[in-house]
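Beneath this line is the structure, given in structure tokens, with notes to follow.
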Amino acid sequence: MSCDRVCVEPSILYFGTPVALICTENEDGTANLAPMSSAWWLGWRCMLGLSANSRTTENLLRTGSCVLNLPSVNDVAAVDRLAHLTGSDPVPESKRARGYRHEARKFEATGLTPLASLTVAPPRVLECPAQHRRRRPVEGRPVGHRGPYPSRPRRSRNSHGRPSKPDRSGQVVPLIMSFQKFWD
């Protein structure tokens, strides 16, 4: 039997997961919204892979609650508008060097619509066809720690889904990030 495979070295060993827009609550009660592509589920339990040095992580460690909004392939433009915005002010030098800018009002800046949540303070994103709310005490490394933020899997609570935002085939298609690019 012949094999047509060759050895490869991809830029990243990351084969893709759904993109999520994670919404947390800032200290002043406003919403912080950030894109992430390191969230995955096993049954009802969700694991988050977050940078230790972000406003999202600070908020999550402080409040223990968030909303994971799952955009569809129809939401790529909004995700792109959000990609280089940060709630941190001043903008950390490492982010500034990668083109980030401070934006306190991310919903308005991206054209997305906040929708009140039922059991947690952070809002949902109206345009996203699915949302999962999580509330729990968060155990993790102190803010400022270098390296990935560890998160034990926890059960998603009060999930919402909208069955009527289909793509051209009539199906809701999640936005997937694979090899650092969107894929549908």
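Chain labels run A, B, ... following the order of the structure tokens; each chain numbers its residues from 1, and ligands are numbered from 1 in the order shown.
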Exercise: Met36 in chain A partners within 7 Å, only C-alpha atoms, chain neighbours under 3 positions left out, as a PDB file with N, CA, C and O atoms, in the first residue's frame:
ATOM      1  N   VAL A  19     -15.232  29.880  17.290  1.00  0.00           N
ATOM      2  CA  VAL A  19     -14.928  31.216  17.801  1.00  0.00           C
ATOM      3  C   VAL A  19     -16.008  31.558  18.820  1.00  0.00           C
ATOM      4  O   VAL A  19     -17.177  31.235  18.620  1.00  0.00           O
ATOM      5  N   ALA A  20     -15.622  32.172  19.914  1.00  0.00           N
ATOM      6  CA  ALA A  20     -16.585  32.650  20.915  1.00  0.00           C
ATOM      7  C   ALA A  20     -16.303  34.119  21.189  1.00  0.00           C
ATOM      8  O   ALA A  20     -15.153  34.554  21.153  1.00  0.00           O
ATOM      9  N   LEU A  21     -17.350  34.867  21.426  1.00  0.00           N
ATOM     10  CA  LEU A  21     -17.212  36.237  21.913  1.00  0.00           C
ATOM     11  C   LEU A  21     -17.548  36.160  23.396  1.00  0.00           C
ATOM     12  O   LEU A  21     -18.692  35.894  23.775  1.00  0.00           O
TER      13      LEU A  21
END
Inset, instruction - For range 83-97 of chain A, work out the shell of residues within 9 Å, counting only C-alpha atoms and skipping chain neighbours fewer than 5 positions away, then give it as a list in words. - result: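 Within the cut-off, the hits are Asn26, Asn32, Leu33, Ala34, Pro35, Met36, Ser54, Arg55, Thr56, Ala78, His102, Glu103, Ala104, Arg105 and Lys106 of chain A.
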Now that the selection is made, can you save its residues with C-alpha atoms as a PDB file, in the first residue's frame?
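Ended up saving to out-v9.pdb:
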ATOM      1  CA  ASN A  26     -15.768  45.476  34.115  1.00  0.00           C
ATOM      2  CA  ASN A  32     -16.224  43.921  28.123  1.00  0.00           C
ATOM      3  CA  LEU A  33     -16.410  41.850  24.944  1.00  0.00           C
ATOM      4  CA  ALA A  34     -13.494  39.878  23.488  1.00  0.00           C
ATOM      5  CA  PRO A  35     -13.053  37.240  20.786  1.00  0.00           C
ATOM      6  CA  MET A  36     -11.477  33.911  21.616  1.00  0.00           C
ATOM      7  CA  SER A  54      -6.129  40.513  29.686  1.00  0.00           C
ATOM      8  CA  ARG A  55      -9.081  42.531  30.911  1.00  0.00           C
ATOM      9  CA  THR A  56     -11.288  39.493  30.245  1.00  0.00           C
ATOM     10  CA  ALA A  78     -18.068  41.977  13.529  1.00  0.00           C
ATOM     11  CA  HIS A 102      -8.202  50.817  23.665  1.00  0.00           C
ATOM     12  CA  GLU A 103     -11.965  50.788  23.277  1.00  0.00           C
ATOM     13  CA  ALA A 104     -14.277  50.975  26.278  1.00  0.00           C
ATOM     14  CA  ARG A 105     -17.486  50.644  24.232  1.00  0.00           C
ATOM     15  CA  LYS A 106     -16.863  47.490  22.229  1.00  0.00           C
TER      16      LYS A 106
END
Inset, instruction - Work out how far CA of Ala77 in chain A is from CA of Ala116 in chain A, in Å to one decimal. - result: 22.8 Å
Inset, instruction - Would you work out the distance separating CA of Asp28 in chain A from CA of Leu60 in chain A, expressed in Å to one decimal? - result: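 That distance, rounded to one decimal, is 14.0 Å.
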Inset, instruction - Would you work out the distance separating CA of Ser37 in chain A from CA of Leu50 in chain A, expressed in Å to one decimal? - result: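 According to the coordinates, CA of Ser37 in chain A and CA of Leu50 in chain A are separated by 9.2 Å.
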Inset, instruction - Would you please work out which residue, of A:Ser2, A:Thr113, A:Ser65, A:Ser72, is nearest to Arg133 in chain A when using only C-alpha atoms? - result: A:Ser65
Write out as a PDB file with N, CA, C and O atoms, in the first residue's frame the residues lying within 10 Å of Pro114 in chain A, counting only C-alpha atoms and excluding same-chain residues fewer than 6 positions away.
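Written file, out.pdb:
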ATOM      1  N   CYS A  23     -18.102  37.680  26.981  1.00  0.00           N
ATOM      2  CA  CYS A  23     -18.504  38.940  27.588  1.00  0.00           C
ATOM      3  C   CYS A  23     -18.357  38.818  29.101  1.00  0.00           C
ATOM      4  O   CYS A  23     -18.841  37.853  29.705  1.00  0.00           O
ATOM      5  N   ALA A  31     -19.843  46.455  30.154  1.00  0.00           N
ATOM      6  CA  ALA A  31     -19.525  45.158  29.545  1.00  0.00           C
ATOM      7  C   ALA A  31     -18.192  45.205  28.814  1.00  0.00           C
ATOM      8  O   ALA A  31     -17.853  46.197  28.177  1.00  0.00           O
ATOM      9  N   LEU A  33     -16.161  42.888  25.940  1.00  0.00           N
ATOM     10  CA  LEU A  33     -16.410  41.850  24.944  1.00  0.00           C
ATOM     11  C   LEU A  33     -15.096  41.540  24.243  1.00  0.00           C
ATOM     12  O   LEU A  33     -14.388  42.457  23.817  1.00  0.00           O
ATOM     13  N   PHE A 107     -19.272  47.035  22.150  1.00  0.00           N
ATOM     14  CA  PHE A 107     -20.513  46.730  21.432  1.00  0.00           C
ATOM     15  C   PHE A 107     -20.769  47.789  20.364  1.00  0.00           C
ATOM     16  O   PHE A 107     -21.041  47.474  19.207  1.00  0.00           O
ATOM     17  N   GLU A 108     -20.681  49.051  20.758  1.00  0.00           N
ATOM     18  CA  GLU A 108     -20.925  50.136  19.810  1.00  0.00           C
ATOM     19  C   GLU A 108     -19.879  50.159  18.699  1.00  0.00           C
ATOM     20  O   GLU A 108     -20.196  50.367  17.534  1.00  0.00           O
ATOM     21  N   PRO A 122     -22.989  40.088  32.827  1.00  0.00           N
ATOM     22  CA  PRO A 122     -22.574  40.369  31.454  1.00  0.00           C
ATOM     23  C   PRO A 122     -23.708  40.087  30.465  1.00  0.00           C
ATOM     24  O   PRO A 122     -24.414  39.084  30.589  1.00  0.00           O
ATOM     25  N   PRO A 123     -23.866  40.962  29.471  1.00  0.00           N
ATOM     26  CA  PRO A 123     -24.931  40.735  28.490  1.00  0.00           C
ATOM     27  C   PRO A 123     -24.559  39.679  27.458  1.00  0.00           C
ATOM     28  O   PRO A 123     -23.397  39.331  27.289  1.00  0.00           O
ATOM     29  N   ARG A 124     -25.574  39.207  26.759  1.00  0.00           N
ATOM     30  CA  ARG A 124     -25.402  38.334  25.604  1.00  0.00           C
ATOM     31  C   ARG A 124     -25.230  39.211  24.364  1.00  0.00           C
ATOM     32  O   ARG A 124     -25.439  40.413  24.422  1.00  0.00           O
ATOM     33  N   VAL A 125     -24.862  38.601  23.239  1.00  0.00           N
ATOM     34  CA  VAL A 125     -24.766  39.307  21.955  1.00  0.00           C
ATOM     35  C   VAL A 125     -25.956  38.875  21.109  1.00  0.00           C
ATOM     36  O   VAL A 125     -26.060  37.691  20.756  1.00  0.00           O
ATOM     37  N   LEU A 126     -26.840  39.814  20.815  1.00  0.00           N
ATOM     38  CA  LEU A 126     -28.064  39.518  20.075  1.00  0.00           C
ATOM     39  C   LEU A 126     -27.797  38.820  18.753  1.00  0.00           C
ATOM     40  O   LEU A 126     -28.504  37.881  18.379  1.00  0.00           O
ATOM     41  N   GLU A 127     -26.780  39.247  18.028  1.00  0.00           N
ATOM     42  CA  GLU A 127     -26.505  38.706  16.699  1.00  0.00           C
ATOM     43  C   GLU A 127     -26.010  37.261  16.707  1.00  0.00           C
ATOM     44  O   GLU A 127     -26.078  36.580  15.687  1.00  0.00           O
TER      45      GLU A 127
END
Inset, instruction - Enumerate, as a ChimeraX atom specification, the complete set of residues in range 19-75 of chain A that a backbone-based DSSP assignment places in strand (DSSP E or B). - result: /A:20-25,31-36,39-42,45-48,50-51,65-70,72
Could you dump the residues just selected with N, CA and C atoms as a compact mmCIF listing (two decimals), in the first residue's frame?
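Listing of selection_21.txt after writing:
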# COMPACT_ATOMS: atom_id res chain seq x y z
N ALA A 20 -15.62 32.17 19.91
CA ALA A 20 -16.58 32.65 20.92
C ALA A 20 -16.30 34.12 21.19
N LEU A 21 -17.35 34.87 21.43
CA LEU A 21 -17.21 36.24 21.91
C LEU A 21 -17.55 36.16 23.40
N ILE A 22 -16.53 36.35 24.23
CA ILE A 22 -16.72 36.22 25.67
C ILE A 22 -17.01 37.59 26.26
N CYS A 23 -18.10 37.68 26.98
CA CYS A 23 -18.50 38.94 27.59
C CYS A 23 -18.36 38.82 29.10
N THR A 24 -17.67 39.78 29.70
CA THR A 24 -17.48 39.83 31.15
C THR A 24 -17.87 41.22 31.63
N GLU A 25 -17.92 41.38 32.94
CA GLU A 25 -18.30 42.67 33.53
C GLU A 25 -17.06 43.39 34.07
N ALA A 31 -19.84 46.45 30.15
CA ALA A 31 -19.52 45.16 29.54
C ALA A 31 -18.19 45.20 28.81
N ASN A 32 -17.43 44.12 28.92
CA ASN A 32 -16.22 43.92 28.12
C ASN A 32 -16.49 42.73 27.21
N LEU A 33 -16.16 42.89 25.94
CA LEU A 33 -16.41 41.85 24.94
C LEU A 33 -15.10 41.54 24.24
N ALA A 34 -14.76 40.27 24.12
CA ALA A 34 -13.49 39.88 23.49
C ALA A 34 -13.68 38.59 22.69
N PRO A 35 -12.99 38.49 21.55
CA PRO A 35 -13.05 37.24 20.79
C PRO A 35 -12.06 36.23 21.35
N MET A 36 -12.40 34.97 21.23
CA MET A 36 -11.48 33.91 21.62
C MET A 36 -11.76 32.69 20.75
N ALA A 39 -12.14 27.75 23.22
CA ALA A 39 -13.21 27.29 24.10
C ALA A 39 -13.71 25.99 23.50
N TRP A 40 -13.85 24.98 24.33
CA TRP A 40 -14.36 23.72 23.83
C TRP A 40 -15.18 23.04 24.91
N TRP A 41 -16.10 22.20 24.47
CA TRP A 41 -17.06 21.57 25.35
C TRP A 41 -16.93 20.06 25.32
N LEU A 42 -17.15 19.47 26.47
CA LEU A 42 -17.34 18.03 26.61
C LEU A 42 -18.68 17.89 27.32
N ARG A 45 -19.87 20.62 29.92
CA ARG A 45 -18.72 21.26 30.56
C ARG A 45 -17.87 21.96 29.52
N CYS A 46 -17.45 23.17 29.87
CA CYS A 46 -16.69 24.01 28.94
C CYS A 46 -15.32 24.33 29.52
N MET A 47 -14.33 24.29 28.67
CA MET A 47 -12.97 24.66 29.04
C MET A 47 -12.60 25.92 28.28
N LEU A 48 -12.04 26.91 28.97
CA LEU A 48 -11.61 28.16 28.35
C LEU A 48 -10.09 28.23 28.37
N LEU A 50 -7.48 31.11 28.02
CA LEU A 50 -7.35 32.57 27.97
C LEU A 50 -5.94 33.01 28.31
N SER A 51 -5.57 34.16 27.81
CA SER A 51 -4.30 34.78 28.21
C SER A 51 -4.42 35.24 29.65
N SER A 65 -18.11 35.23 36.46
CA SER A 65 -19.20 35.02 35.50
C SER A 65 -18.85 35.58 34.13
N CYS A 66 -19.44 34.95 33.12
CA CYS A 66 -19.25 35.39 31.74
C CYS A 66 -20.37 34.83 30.89
N VAL A 67 -20.46 35.34 29.68
CA VAL A 67 -21.35 34.78 28.67
C VAL A 67 -20.50 34.44 27.47
N LEU A 68 -20.59 33.21 26.99
CA LEU A 68 -19.90 32.78 25.78
C LEU A 68 -20.91 32.84 24.64
N ASN A 69 -20.71 33.76 23.72
CA ASN A 69 -21.58 33.96 22.57
C ASN A 69 -20.92 33.31 21.37
N LEU A 70 -21.64 32.46 20.67
CA LEU A 70 -21.08 31.73 19.54
C LEU A 70 -21.57 32.35 18.23
N SER A 72 -21.95 33.03 14.15
CA SER A 72 -22.03 32.17 12.97
C SER A 72 -21.08 32.72 11.90
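Minimum atom-to-atom distance to Gly111 in chain A, evaluated using only C-alpha atoms, belongs to A:Leu82 out of A:Arg62, A:Gln131, A:Gly99, A:Leu82.
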